[in-house]
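Listing of work_38.cif; format and content: mmCIF, C-alpha atoms and all ligand atoms.
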```
data_query
loop_
_atom_site.label_atom_id
_atom_site.label_comp_id
_atom_site.auth_asym_id
_atom_site.auth_seq_id
_atom_site.Cartn_x
_atom_site.Cartn_y
_atom_site.Cartn_z
CA MET A 18 107.79 74.63 78.04
CA LYS A 19 104.93 76.81 79.28
CA GLN A 20 105.62 78.51 82.62
CA ARG A 21 103.63 77.20 85.53
CA VAL A 22 101.24 79.66 87.19
CA GLU A 23 102.15 80.72 90.75
CA LEU A 24 98.94 80.31 92.71
CA THR A 25 100.12 82.01 95.92
CA TRP A 26 99.91 85.46 94.35
CA LEU A 27 96.34 85.02 93.11
CA SER A 28 93.29 86.24 94.97
CA GLN A 29 90.48 83.77 95.69
CA ALA A 30 88.53 85.04 92.65
CA GLU A 31 91.61 84.63 90.45
CA VAL A 32 92.18 81.05 91.64
CA VAL A 33 88.50 80.31 90.88
CA SER A 34 88.95 81.73 87.40
CA PHE A 35 92.18 79.74 86.96
CA VAL A 36 90.49 76.41 87.79
CA ASP A 37 87.56 77.39 85.57
CA GLY A 38 90.08 77.48 82.71
CA LEU A 39 90.94 73.87 83.61
CA GLY A 40 87.25 72.91 83.44
CA GLU A 41 86.82 72.63 87.22
CA PRO A 42 83.96 74.08 89.31
CA ALA A 43 84.36 77.25 91.40
CA TYR A 44 84.36 75.39 94.71
CA ARG A 45 87.65 73.70 93.71
CA GLY A 46 89.22 77.14 93.35
CA ARG A 47 87.98 78.17 96.79
CA GLN A 48 89.30 74.88 98.17
CA ILE A 49 92.76 75.51 96.70
CA PHE A 50 92.86 79.13 97.91
CA ALA A 51 92.02 77.99 101.45
CA ALA A 52 94.57 75.16 101.26
CA LEU A 53 97.32 77.61 100.29
CA GLN A 54 96.42 80.64 102.38
CA HIS A 55 94.53 79.25 105.37
CA ARG A 56 95.85 75.69 105.82
CA ARG A 57 99.27 76.95 104.65
CA LEU A 58 99.96 73.85 102.54
CA ARG A 59 103.00 74.17 100.35
CA SER A 60 102.39 71.52 97.69
CA PHE A 61 99.42 70.15 95.75
CA ASP A 62 100.33 66.65 96.92
CA GLN A 63 99.44 67.73 100.47
CA MET A 64 95.92 68.67 99.30
CA THR A 65 94.58 65.16 99.66
CA ASP A 66 90.98 66.38 99.56
CA LEU A 67 91.48 67.07 95.85
CA PRO A 68 91.10 64.17 93.37
CA LYS A 69 94.46 62.58 92.55
CA GLU A 70 94.15 63.27 88.79
CA PHE A 71 93.42 66.93 89.47
CA ARG A 72 96.49 67.20 91.71
CA ALA A 73 98.61 65.68 88.94
CA ARG A 74 97.17 68.22 86.46
CA LEU A 75 97.87 71.07 88.89
CA ASN A 76 101.47 69.95 89.25
CA GLU A 77 101.85 70.27 85.48
CA VAL A 78 100.38 73.74 85.09
CA ALA A 79 100.81 75.53 88.42
CA ARG A 80 103.01 75.95 91.46
CA ALA A 81 101.85 75.96 95.08
CA SER A 82 105.10 77.44 96.43
CA SER A 83 108.38 78.81 95.20
CA LEU A 84 110.48 79.89 98.21
CA LYS A 85 112.68 77.37 99.97
CA ILE A 86 114.33 77.77 103.36
CA GLU A 87 118.13 77.64 103.15
CA SER A 88 118.78 78.04 106.85
CA HIS A 89 117.31 79.58 109.93
CA TYR A 90 118.66 80.91 113.18
CA ILE A 91 117.06 81.21 116.60
CA SER A 92 118.09 84.04 118.90
CA SER A 93 118.40 83.77 122.66
CA ASP A 94 115.34 86.10 122.82
CA GLY A 95 113.22 83.75 120.66
CA THR A 96 113.52 85.78 117.45
CA ARG A 97 113.99 83.64 114.36
CA ARG A 98 115.76 84.71 111.18
CA TYR A 99 115.15 82.82 107.96
CA LEU A 100 117.34 82.87 104.91
CA MET A 101 115.24 81.68 101.97
CA LYS A 102 115.95 81.31 98.27
CA THR A 103 113.69 82.18 95.35
CA HIS A 104 113.21 79.68 92.49
CA ASP A 105 115.93 81.60 90.61
CA GLY A 106 118.40 81.38 93.47
CA LEU A 107 118.12 84.86 95.06
CA PRO A 108 118.23 85.47 98.81
CA VAL A 109 115.15 86.49 100.78
CA GLU A 110 115.25 87.19 104.51
CA THR A 111 112.44 87.13 107.00
CA VAL A 112 112.38 87.64 110.75
CA TYR A 113 109.80 86.25 113.18
CA ILE A 114 109.58 88.04 116.54
CA PRO A 115 107.45 86.50 119.30
CA GLU A 116 106.03 88.93 121.85
CA GLU A 117 103.75 88.53 124.82
CA HIS A 118 100.50 89.49 123.14
CA ARG A 119 101.29 89.05 119.46
CA ASP A 120 103.87 87.85 116.95
CA THR A 121 105.50 90.15 114.46
CA ILE A 122 106.83 88.98 111.13
CA CYS A 123 109.25 91.32 109.38
CA PHE A 124 109.20 90.52 105.66
CA SER A 125 111.33 91.60 102.72
CA SER A 126 109.89 93.28 99.66
CA GLN A 127 112.96 92.95 97.46
CA SER A 128 115.98 90.67 97.22
CA GLY A 129 118.76 93.14 98.08
CA CYS A 130 117.94 96.85 97.80
CA PRO A 131 118.81 99.57 95.29
CA LEU A 132 118.94 102.33 97.91
CA GLN A 133 122.26 102.98 99.50
CA CYS A 134 121.50 103.81 103.12
CA THR A 135 124.94 103.78 104.67
CA PHE A 136 123.85 102.25 108.01
CA CYS A 137 122.24 99.20 106.40
CA LEU A 138 123.98 96.00 105.33
CA THR A 139 121.32 95.11 102.76
CA ALA A 140 122.46 98.11 100.72
CA GLN A 141 125.70 96.30 100.01
CA LEU A 142 123.86 93.62 98.02
CA GLY A 143 122.42 96.15 95.57
CA LEU A 144 119.08 95.29 93.99
CA LEU A 145 118.87 91.67 92.88
CA ARG A 146 115.17 91.93 92.02
CA SER A 147 111.80 92.92 93.43
CA LEU A 148 109.81 90.07 94.95
CA THR A 149 106.48 88.90 93.59
CA SER A 150 103.32 89.16 95.70
CA GLY A 151 103.52 85.39 96.13
CA GLU A 152 107.07 85.60 97.46
CA ILE A 153 105.98 88.26 99.96
CA ILE A 154 103.06 86.11 101.16
CA GLU A 155 105.12 82.92 101.28
CA GLN A 156 107.52 84.48 103.80
CA VAL A 157 104.57 84.81 106.20
CA LEU A 158 103.28 81.29 105.49
CA ILE A 159 106.73 79.78 106.07
CA ALA A 160 107.39 81.71 109.29
CA LEU A 161 103.99 80.72 110.76
CA ASN A 162 104.41 77.07 109.75
CA ASP A 163 107.83 77.01 111.35
CA ALA A 164 106.67 78.68 114.56
CA TYR A 165 103.45 76.69 115.07
CA GLY A 166 103.36 73.76 112.64
CA VAL A 167 101.71 73.54 109.21
CA GLY A 168 98.29 75.14 109.29
CA VAL A 169 98.15 75.46 113.08
CA ARG A 170 96.30 78.59 114.09
CA PRO A 171 98.66 81.03 115.88
CA PRO A 172 97.55 81.51 119.51
CA ARG A 173 98.25 85.25 119.32
CA GLY A 174 97.56 87.82 116.63
CA THR A 175 100.09 88.27 113.84
CA ASN A 176 101.43 91.69 112.94
CA LEU A 177 103.48 92.28 109.82
CA VAL A 178 106.16 94.89 109.23
CA GLY A 179 107.62 95.60 105.82
CA MET A 180 111.02 96.51 107.19
CA GLY A 181 113.14 93.64 105.91
CA ALA A 182 115.35 93.86 102.84
CA GLY A 183 114.34 96.27 100.10
CA GLU A 184 112.39 99.47 99.69
CA PRO A 185 108.71 98.42 99.74
CA PHE A 186 107.56 101.49 97.82
CA LEU A 187 109.74 100.50 94.87
CA ASN A 188 107.60 97.35 94.69
CA PHE A 189 104.32 99.11 95.43
CA ASP A 190 101.83 97.19 93.26
CA ALA A 191 103.09 93.73 94.25
CA LEU A 192 103.07 94.81 97.89
CA LEU A 193 99.48 96.09 97.84
CA ASN A 194 98.34 92.98 95.98
CA ALA A 195 100.01 90.78 98.63
CA LEU A 196 98.31 92.76 101.41
CA ARG A 197 94.91 92.40 99.73
CA ILE A 198 95.34 88.62 99.44
CA MET A 199 96.57 88.26 103.03
CA ALA A 200 93.52 90.21 104.27
CA ASP A 201 91.07 87.64 102.83
CA PRO A 202 89.07 86.04 105.70
CA SER A 203 89.26 82.66 103.91
CA GLY A 204 93.03 82.88 103.89
CA LEU A 205 95.60 84.29 106.31
CA TYR A 206 93.15 86.99 107.37
CA ILE A 207 95.84 89.50 108.33
CA VAL A 208 94.15 92.84 107.74
CA PRO A 209 96.05 96.02 106.73
CA ASN A 210 95.44 97.41 110.22
CA ARG A 211 97.96 94.80 111.45
CA VAL A 212 100.61 95.79 108.89
CA THR A 213 103.21 98.56 108.99
CA ILE A 214 105.25 99.49 105.93
CA SER A 215 108.44 101.49 106.22
CA THR A 216 109.84 103.64 103.43
CA ALA A 217 113.07 105.59 103.09
CA GLY A 218 110.98 108.35 101.49
CA ILE A 219 109.66 107.56 98.00
CA VAL A 220 107.47 110.67 97.89
CA PRO A 221 105.13 109.80 94.96
CA ARG A 222 104.16 106.50 96.61
CA ILE A 223 103.49 108.21 99.97
CA LEU A 224 101.03 110.42 98.11
CA ASP A 225 99.58 107.37 96.34
CA LEU A 226 99.12 105.58 99.65
CA ALA A 227 97.21 108.58 100.96
CA ASN A 228 94.48 107.62 98.46
CA VAL A 229 94.36 103.90 99.26
CA PRO A 230 91.28 103.15 101.38
CA ASP A 231 92.37 99.89 103.05
CA ARG A 232 95.96 100.66 103.70
CA PRO A 233 98.69 99.58 106.10
CA HIS A 234 100.19 101.86 108.74
CA LEU A 235 103.06 103.96 107.42
CA ALA A 236 106.54 104.52 108.86
CA ILE A 237 109.13 106.88 107.38
CA SER A 238 112.79 106.09 107.99
CA LEU A 239 114.14 109.58 108.65
CA ALA A 240 117.67 109.05 110.11
CA ALA A 241 118.69 112.71 109.94
CA PRO A 242 117.19 116.15 110.60
CA THR A 243 119.05 118.05 107.85
CA ASP A 244 119.48 117.50 104.12
CA GLU A 245 123.23 117.67 104.45
CA LEU A 246 123.34 114.70 106.83
CA ARG A 247 120.44 112.81 105.25
CA ASN A 248 122.04 113.03 101.79
CA GLU A 249 124.93 111.15 103.30
CA LEU A 250 122.99 108.55 105.33
CA VAL A 251 119.94 108.04 103.09
CA PRO A 252 121.09 109.08 99.59
CA ILE A 253 117.56 108.85 98.12
CA ASN A 254 117.18 112.16 99.97
CA LYS A 255 119.00 113.83 97.05
CA ARG A 256 116.02 112.86 94.87
CA TRP A 257 113.33 113.79 97.42
CA PRO A 258 114.82 116.17 100.01
CA LEU A 259 113.37 116.71 103.48
CA GLU A 260 111.12 119.66 102.51
CA GLU A 261 109.41 117.61 99.81
CA LEU A 262 109.26 114.50 101.98
CA LEU A 263 107.72 116.27 104.96
CA LYS A 264 105.18 118.09 102.79
CA ALA A 265 104.06 114.68 101.48
CA CYS A 266 103.98 113.42 105.09
CA LYS A 267 101.69 116.32 105.99
CA VAL A 268 99.35 115.45 103.11
CA PHE A 269 99.35 111.85 104.32
CA GLU A 270 98.80 112.84 107.94
CA GLN A 271 95.71 114.81 106.95
CA THR A 272 94.16 111.62 105.57
CA LEU A 273 94.71 109.56 108.74
CA LYS A 274 91.68 107.75 110.07
CA PRO A 275 91.07 107.05 113.77
CA GLY A 276 93.34 104.26 114.97
CA GLU A 277 95.80 104.57 112.08
CA ARG A 278 99.48 104.79 112.98
CA PHE A 279 101.97 107.00 111.19
CA THR A 280 105.49 107.17 112.60
CA PHE A 281 108.98 108.41 111.89
CA GLU A 282 111.82 105.97 112.49
CA TYR A 283 115.12 107.49 113.56
CA VAL A 284 118.12 105.17 113.73
CA MET A 285 120.55 106.41 116.40
CA LEU A 286 124.18 106.35 115.25
CA ALA A 287 126.76 107.24 117.89
CA GLY A 288 128.45 110.56 117.19
CA VAL A 289 126.72 110.91 113.80
CA ASN A 290 123.06 111.95 114.25
CA ASP A 291 122.50 111.73 118.02
CA SER A 292 123.62 115.09 119.44
CA GLU A 293 121.41 117.47 121.38
CA GLN A 294 121.54 119.81 118.39
CA HIS A 295 120.25 117.04 116.11
CA ALA A 296 117.38 116.45 118.55
CA ARG A 297 116.46 120.15 118.51
CA GLN A 298 116.75 120.29 114.70
CA LEU A 299 114.49 117.24 114.39
CA ALA A 300 111.85 118.65 116.74
CA ASN A 301 111.92 122.01 114.94
CA LEU A 302 111.63 120.32 111.54
CA LEU A 303 108.55 118.31 112.55
CA ASN A 304 106.96 121.25 114.36
CA ARG A 305 107.59 123.60 111.43
CA HIS A 306 105.64 121.20 109.19
CA GLY A 307 102.91 120.89 111.82
CA LEU A 308 103.42 117.12 112.03
CA LYS A 309 102.03 115.42 115.13
CA THR A 310 103.61 112.16 114.09
CA LYS A 311 105.32 110.02 116.74
CA VAL A 312 109.08 109.36 116.50
CA ASN A 313 110.53 105.89 117.15
CA LEU A 314 114.18 106.01 118.16
CA ILE A 315 116.03 102.87 117.08
CA PRO A 316 119.47 102.28 118.54
CA HIS A 317 121.65 101.19 115.61
CA ASN A 318 122.41 97.49 115.34
CA PRO A 319 126.11 97.14 114.70
CA ALA A 320 127.00 95.12 111.62
CA GLU A 321 130.49 94.80 110.26
CA PRO A 322 131.86 96.23 108.00
CA LEU A 323 129.57 99.24 108.58
CA PRO A 324 131.43 102.02 110.39
CA TYR A 325 128.68 102.86 112.94
CA GLN A 326 128.10 102.16 116.59
CA PRO A 327 124.84 102.41 118.55
CA SER A 328 124.22 105.49 120.66
CA THR A 329 124.51 104.90 124.38
CA ASP A 330 121.37 104.50 126.49
CA GLU A 331 122.07 107.91 128.11
CA THR A 332 122.34 109.62 124.71
CA VAL A 333 119.11 108.03 123.53
CA ALA A 334 117.35 109.08 126.75
CA ARG A 335 118.64 112.66 126.39
CA PHE A 336 117.57 112.79 122.73
CA LYS A 337 114.12 111.56 123.70
CA SER A 338 113.71 114.09 126.47
CA ILE A 339 114.67 117.00 124.16
CA LEU A 340 112.13 115.86 121.56
CA GLU A 341 109.44 115.47 124.21
CA SER A 342 110.24 118.88 125.74
CA LYS A 343 109.36 120.30 122.31
CA GLY A 344 106.10 118.39 122.12
CA VAL A 345 107.25 115.47 119.94
CA HIS A 346 105.89 112.18 121.20
CA THR A 347 108.86 109.77 121.25
CA TYR A 348 109.31 106.07 121.85
CA VAL A 349 112.52 103.99 122.06
CA ARG A 350 112.42 100.69 120.19
CA ARG A 351 114.09 97.71 121.78
CA PRO A 352 116.27 95.76 119.32
CA ARG A 353 115.43 92.08 118.89
CA GLY A 354 117.55 89.25 117.51
CA ARG A 355 120.82 91.18 117.40
CA ASP A 356 122.80 88.01 118.15
CA ILE A 357 121.57 86.36 114.95
CA PHE A 358 121.90 89.50 112.80
CA ALA A 359 118.13 89.72 112.56
CA ALA A 360 117.74 93.31 113.75
CA CYS A 361 117.04 96.37 111.61
CA GLY A 362 119.82 97.08 109.13
CA GLN A 363 121.56 93.75 109.68
CA LEU A 364 119.96 91.70 106.90
CA ALA A 365 122.47 90.86 104.20
CA ALA A 366 121.78 87.24 103.39
CA ARG A 367 124.69 86.18 105.57
CA GLN A 368 124.97 82.58 106.51
CA GLU A 369 127.38 82.13 109.33
CA THR A 370 128.03 79.88 112.24
CA LEU A 371 127.08 81.84 115.29
CA ASN A 372 128.16 80.96 118.77
CA THR A 373 125.24 82.57 120.49
CA CYS A 374 122.45 81.07 118.46
CA LYS A 375 121.18 77.84 117.11
CA GLU A 376 121.35 77.30 113.39
CA ILE A 377 118.97 74.83 111.82
CA THR A 378 119.46 73.94 108.19
CA SER A 379 116.54 73.38 105.86
CA ALA A 380 116.25 69.71 106.80
CA GLY A 381 113.40 69.37 109.24
CA VAL A 382 112.10 72.88 108.74
CA PRO A 383 108.62 72.96 107.23
CA ASN A 384 108.70 75.02 104.06
S1 LIG B 1 117.53 100.81 105.09
FE1 LIG B 1 115.91 99.88 103.82
S2 LIG B 1 115.82 101.26 102.03
FE2 LIG B 1 117.79 101.68 103.02
S3 LIG B 1 119.26 100.30 101.97
FE3 LIG B 1 118.48 99.20 103.79
S4 LIG B 1 116.80 97.97 103.00
FE4 LIG B 1 117.20 99.57 101.49
#
```

Please go through the file and, once you have read it, give me the structure as structure tokens.
Amino acid sequence: MKQRVELTWLSQAEVVSFVDGLGEPAYRGRQIFAALQHRRLRSFDQMTDLPKEFRARLNEVARASSLKIESHYISSDGTRRYLMKTHDGLPVETVYIPEEHRDTICFSSQSGCPLQCTFCLTAQLGLLRSLTSGEIIEQVLIALNDAYGVGVRPPRGTNLVGMGAGEPFLNFDALLNALRIMADPSGLYIVPNRVTISTAGIVPRILDLANVPDRPHLAISLAAPTDELRNELVPINKRWPLEELLKACKVFEQTLKPGERFTFEYVMLAGVNDSEQHARQLANLLNRHGLKTKVNLIPHNPAEPLPYQPSTDETVARFKSILESKGVHTYVRRPRGRDIFAACGQLAARQETLNTCKEITSAGVPN
């Protein structure tokens, strides 16, 4: 049987060309694109403005959605974590974080992750597979439908962060295609300026991104100021050590346009990478490369069986003040959704009964 075409990963022009192949006029393609990406409908049967026979034909040859929600959890701070499944049964996790002036959706770019960062639970899954552009976009559609109702316009702006499961730069083309589709004003209309992508340091893709005109903001997950420690915490460092990584960062920094954000993320692990010496080494490293880039300190989110604990507030404050005394602009990120294992490094497709949060199974949750 011929495989059905996934329409969520097609641009508006591609949907128009797809319906042209079915003998339908261009406006039908635009109608379907808007139904999927703007009205956030998840099946052709919901598109009642299309003729019934055409809907039946679409059901035979195409798919309007492929991800399904398995379960979702709501944190005491309003953060929601979704565990979804792909059509071939693989886990995908997404986190929705409401804030005063905007919402942030943290999406996954892969199911599992091939990198072996030792402070991250996702690493323990290994790589199951990279997600398609459609699967990246669907995470956003599902989270918005769940938060506001199908097709309801969010009252605040939506920011996206590619900091869920997976290394986004190992799924570079699908990621950029998803961002292009989401930026379409007839669809979700989330422009790259509202998106931040985090990488563990895939140097060739950092250099590629430097040449992309409409690109998202970039964040580099640093985690250590020396190769010796980074080889241990972020093993991809053995392939692209700090010197090479920071040289690429400098090239990228030189291409920054006004208003673009470029940051280093530094997870703070108690007794591992949070000493005063580490702070000085980090400041010296960035200064030696002439990088003006801001550093985000992220207190580690504990996740069994990982052997790490978060640095204390005093240690984080001391670390910050040393960096700032050496001219490095530093910010401390507040963890969200820790009680539902939705915070950075905690995503591992776990499905547990939690005392502190509400679990809602897929029944009643709009896909
Ligand atoms: S921190 Fe990111 S890159 Fe590293 S293992 Fe976890 S998901 Fe992969």

Which residues come within 7 Å of region 260-277 of chain A, counting all atoms listed in the file, excluding same-chain residues fewer than 6 positions away, as an MDAnalysis selection string? chainID A and resid 218 220 223:224 227 234 306 308

Distance filter 7 Å around ligand LIG 1 (chain B), atoms: only C-alpha atoms and all ligand atoms, out as an MDAnalysis selection string: chainID A and resid 130:134 137:140 180:184 216:217 251 362

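Residue neighbourhood of region 201-215 of chain A, excluding near-sequence residues (fewer than 2 positions): Phe50, Ala51, Leu53, Gln54, His55, Arg56, Thr175, Asn176, Leu177, Val178, Gly179, Met180, Glu184, Pro185, Leu196, Arg197, Ile198, Met199, Ala217, Asp231, Arg232, Pro233, His234, Leu235, Ala236, Ile237, Ser238 and Glu277 of chain A, at 8 Å, using only C-alpha atoms.
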
List as a ChimeraX atom specification the protein and nucleic acid residues near Leu239 (chain A), meaning an atom at most 12 Å away when only C-alpha atoms are counted, but skip any in the same chain fewer than 5 places from it. /A:134,215-219,244,246-248,250-254,258-259,262-263,266,280-285,290,299,302-303,311-315

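A straight line drawn from CA of Glu41 (chain A) to CA of Arg59 (chain A) is 20.9 Å long.
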
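Across the model, the gap from CA of Val22 (chain A) to CA of Asp37 (chain A) is 14.0 Å.
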
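Distances to Leu84 (chain A) were evaluated for A:Arg21, A:His295, A:His104, A:Arg335 using all atoms listed in the file, and the minimum falls at A:His104.
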
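Picture a line from CA of Arg72 (chain A) to CA of Pro42 (chain A); it runs 14.5 Å.
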
Which neighbours of Arg45 (chain A) fall inside 8 Å, counting only C-alpha atoms, when residues of the same chain fewer than 3 positions from it are skipped, and could you give them as a list of chain:residue names? A:Val33, A:Val36, A:Glu41, A:Pro42, A:Gln48, A:Ile49, A:Leu67
